[in-house]
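Take a look at the structure below.
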Amino acid sequence: MNTIIVNTTNLVKSFGKVVALNGLNMQAPKGISGFVGKNGSGKTTTIGILLGLIKPNGGNATVFGLDCWQDSFEIRRRLGVMHEINAYPGSFSGRRFLEHVAKLYGVSQVNQTVDALLKDVGLAEAKDKPIKAYSAGMLKRLGLAQALIGNPELAILDEPTANIDPLGRLTLLDKIKEMHNNHDTSFLIATHILSDLEKICNWLIIIDSGKIADQGNIHNLTEKYSASIYKVEVSNPQLFVAAVQKLGAVDRVWEENDKVFCKVNNPEVFCEQIPKIVIELKLQLKSFQQTLGTLEEIYTQTVGEKRR
């Protein structure tokens, strides 16, 4: 596994009687990590602790191996952040705003750095327009540029694609992937829009009610939560369904677009029986495979299981 750069152990945080984090054990390696959970699940509180803005009641949190509360200045020097809601000086141009931020970060060669970054996030043509004339998608890209201004090792993005149109979301996601590929910047992306993460992430963290429901490499999680569902294509789906429903190894069978899906409890027995059924019924077997689950399915199963 890649080097872990974000790590929390038994992290606890309460606000009065409200428990925001309840023993959070979270790891994020180098790369692009998705941090998923519904509103109120603890994502923003976790980010606040990682940035050294909120002191936890208990447990430990580190970034780059440094304590998030004791070493917050050093951590913030090495990372960038894009908050869900940003307030920009509307009369400033995008370029002037980023030049101001760059000077605060002590960036050398400010003009060259800002021009390169505006090009990277796709705002080169709008760099001299006032920020108040920017679309929602352009504002998100400006926020991404602000997060990357100091060439950070890690950028934490809080709901980066919220409230922008589908094309704007795709553009922003492409920019994030480009920045990772071209500059080796790692990202921790907190969001509730699962379909976005499927396009760019290699690691997934699922938080629910202040605890980690599951986490890991997306490919491994996909296999884990889809291993019990098989997709079968045969020449007569209705006849096949009637026979498969009688198998003890099958919990549920359904047909969708002339394909048969089977949720099984004993894959070994199921895989032995399917060829026999096909031969007995004199059917043509067109395909027989395990399904690959989407992030939506993984999230539903993990959070659903925790609640049950």
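By order in the structure tokens, chains are A, B, ...; within a chain, residues start at 1; ligands start at 1, following the order shown.
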Do you have, as JSON lines, the list of residues of region 140-180 of chain A lying at most 9 Å from region 200-224 of chain A, each with its nearest atom pair and that distance in Å to one decimal, counting only C-alpha atoms and ordered by chain then number?
```
{"residue": "A:Leu173", "atom": "CA", "partner": "A:Ile200", "partner_atom": "CA", "distance": 7.1}
{"residue": "A:Asp174", "atom": "CA", "partner": "A:Ile200", "partner_atom": "CA", "distance": 8.1}
{"residue": "A:Ile176", "atom": "CA", "partner": "A:Ile200", "partner_atom": "CA", "distance": 8.1}
{"residue": "A:Lys177", "atom": "CA", "partner": "A:Ile200", "partner_atom": "CA", "distance": 6.3}
```
Exercise: Glu256 (chain A) partners within 12 Å, only C-alpha atoms, chain neighbours under 2 positions left out, as a ChimeraX atom specification: /A:231-233,237-238,241,253-254,258-262
- [ ] Would you mind writing down, as a ChimeraX atom specification, each residue of region 258-292 of chain A that DSSP on the backbone assigns to strand (DSSP E or B)?
- [x] /A:259-264,285-290
Go ahead and dump the residues you just picked, C-alpha atoms, as a PDB file, in the first residue's frame.
```pdb
ATOM      1  CA  LYS A 259     -30.000 -10.314 -17.955  1.00  0.00           C
ATOM      2  CA  VAL A 260     -30.441 -12.410 -14.819  1.00  0.00           C
ATOM      3  CA  PHE A 261     -28.879 -11.245 -11.525  1.00  0.00           C
ATOM      4  CA  CYS A 262     -28.388 -13.666  -8.633  1.00  0.00           C
ATOM      5  CA  LYS A 263     -27.432 -12.772  -5.067  1.00  0.00           C
ATOM      6  CA  VAL A 264     -25.821 -15.922  -3.720  1.00  0.00           C
ATOM      7  CA  LEU A 285     -25.162 -19.597 -21.992  1.00  0.00           C
ATOM      8  CA  LYS A 286     -24.000 -16.231 -23.363  1.00  0.00           C
ATOM      9  CA  SER A 287     -22.161 -14.880 -20.316  1.00  0.00           C
ATOM     10  CA  PHE A 288     -21.637 -15.714 -16.645  1.00  0.00           C
ATOM     11  CA  GLN A 289     -19.696 -13.364 -14.363  1.00  0.00           C
ATOM     12  CA  GLN A 290     -19.477 -11.586 -11.046  1.00  0.00           C
TER      13      GLN A 290
END
```
Requested in this report: Would you please extract all helix (DSSP H, G or I) residues from region 114-227 of chain A, as assigned by DSSP on the backbone, and give them as JSON, numbers by chain?
Outcome: {"A": [114, 115, 116, 117, 118, 119, 120, 124, 125, 126, 131, 132, 133, 136, 137, 138, 139, 140, 141, 142, 143, 144, 145, 146, 147, 166, 167, 168, 169, 170, 171, 172, 173, 174, 175, 176, 177, 178, 179, 180, 181, 182, 183, 194, 195, 196, 197, 198, 199, 200, 218, 219, 220, 221, 222, 223, 224, 225, 226]}
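Of the listed residues A:His192, A:Leu139, A:Gly59, A:Ala102, the one whose atoms come nearest to Gly90 (chain A) is A:Leu139, with distances taken using only C-alpha atoms.
The protein and nucleic acid residues lying at most 9 Å from Leu53 (chain A) are A:Ile47, A:Gly48, A:Cys68, A:Trp69, A:Ser72, with only C-alpha atoms considered and sequence neighbours fewer than 5 positions away removed.
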Exercise for the section: List the neighbours of region 121-124 of chain A out to 10 Å using only C-alpha atoms; skip same-chain residues closer than 4 positions along the sequence, and give me the result as a ChimeraX atom specification. Expected result: /A:94-95,114-117,128-129,134,138-145,148,171-172,174-176,178-179
Quick one: everything within 7 Å of Phe187 (chain A), counting only C-alpha atoms, minus sequence neighbours fewer than 2 positions away in the same chain. Send it as a tab-separated table (two decimals) with N, CA and C atoms, in the first residue's frame.
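Saved file selection28.tsv follows:
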```tsv
chain	number	residue	atom	x	y	z
A	31	GLY	N	-2.03	9.78	-3.10
A	31	GLY	CA	-2.93	9.50	-4.21
A	31	GLY	C	-4.16	10.38	-4.10
A	32	ILE	N	-5.28	9.90	-4.64
A	32	ILE	CA	-6.54	10.63	-4.57
A	32	ILE	C	-7.52	9.81	-3.74
A	33	SER	N	-7.87	10.33	-2.57
A	33	SER	CA	-8.76	9.62	-1.65
A	33	SER	C	-10.11	10.32	-1.58
A	154	LEU	N	-0.33	17.82	-0.20
A	154	LEU	CA	-1.70	17.33	-0.04
A	154	LEU	C	-2.67	18.51	-0.16
A	155	ALA	N	-3.76	18.30	-0.88
A	155	ALA	CA	-4.83	19.30	-0.94
A	155	ALA	C	-6.11	18.66	-0.41
A	156	ILE	N	-6.73	19.30	0.57
A	156	ILE	CA	-7.99	18.83	1.14
A	156	ILE	C	-9.12	19.65	0.53
A	185	THR	N	0.54	15.72	-6.68
A	185	THR	CA	-0.20	16.24	-5.53
A	185	THR	C	-1.22	15.20	-5.07
A	189	ILE	N	-10.68	14.24	-0.82
A	189	ILE	CA	-11.88	14.90	-1.32
A	189	ILE	C	-13.09	14.47	-0.51
```
From CA of Ala162 (chain A) to CA of Lys55 (chain A) the spacing works out at 27.0 Å
Closest of A:Ala87, A:Lys132, A:Tyr299, A:Leu188 to Tyr225 (chain A), counting only C-alpha atoms, is A:Tyr299
Thr46 (chain A) surroundings by only C-alpha atoms, 9 Å radius, close-in-sequence under 3 positions cut, as a short mmCIF file (atom, residue, chain, number, x, y, z; two decimals) with C-alpha atoms, in the first residue's frame:
```
data_model
loop_
_atom_site.label_atom_id
_atom_site.label_comp_id
_atom_site.auth_asym_id
_atom_site.auth_seq_id
_atom_site.Cartn_x
_atom_site.Cartn_y
_atom_site.Cartn_z
CA LEU A 11 -10.63 10.28 17.39
CA LYS A 13 -15.05 15.19 19.26
CA ALA A 20 -19.55 14.57 15.99
CA LEU A 21 -16.78 11.94 16.01
CA LEU A 24 -12.74 7.66 14.22
CA GLY A 42 -18.54 14.13 10.63
CA LYS A 43 -16.61 15.03 7.45
CA ILE A 49 -9.16 18.67 13.17
CA LEU A 50 -6.75 17.73 10.37
CA LEU A 51 -6.15 21.44 9.71
CA ILE A 54 -10.52 22.14 16.03
CA GLY A 210 -18.74 9.84 13.39
#
```
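For the pair CA of Leu79 (chain A) and CA of Ser41 (chain A), the interatomic distance is 23.6 Å.
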Using only C-alpha atoms, the shortest atom-to-atom distance to Asn60 (chain A) among A:Ala126, A:Val6, A:Ile229, A:Ala249 belongs to A:Val6
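The two atoms in question, CA of Gln112 (chain A) and CA of Asn181 (chain A), are spaced 20.7 Å apart.
The closest residue to His100 (chain A), picked from A:Gln70, A:Thr300, A:Thr113, A:Asn86 and counting only C-alpha atoms, is A:Thr113.
You can rank A:Gly80, A:Pro56, A:Gly137, A:Gly34 by their closest distance to Phe15 (chain A) using only C-alpha atoms, and at the top of that list sits A:Pro56.
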task: Can you pull out every residue within 8 Å of Val244 (chain A), counting only C-alpha atoms, but drop anything in the same chain fewer than 4 positions away, and send it as a ChimeraX atom specification?
output: /A:240,250,253,274,277
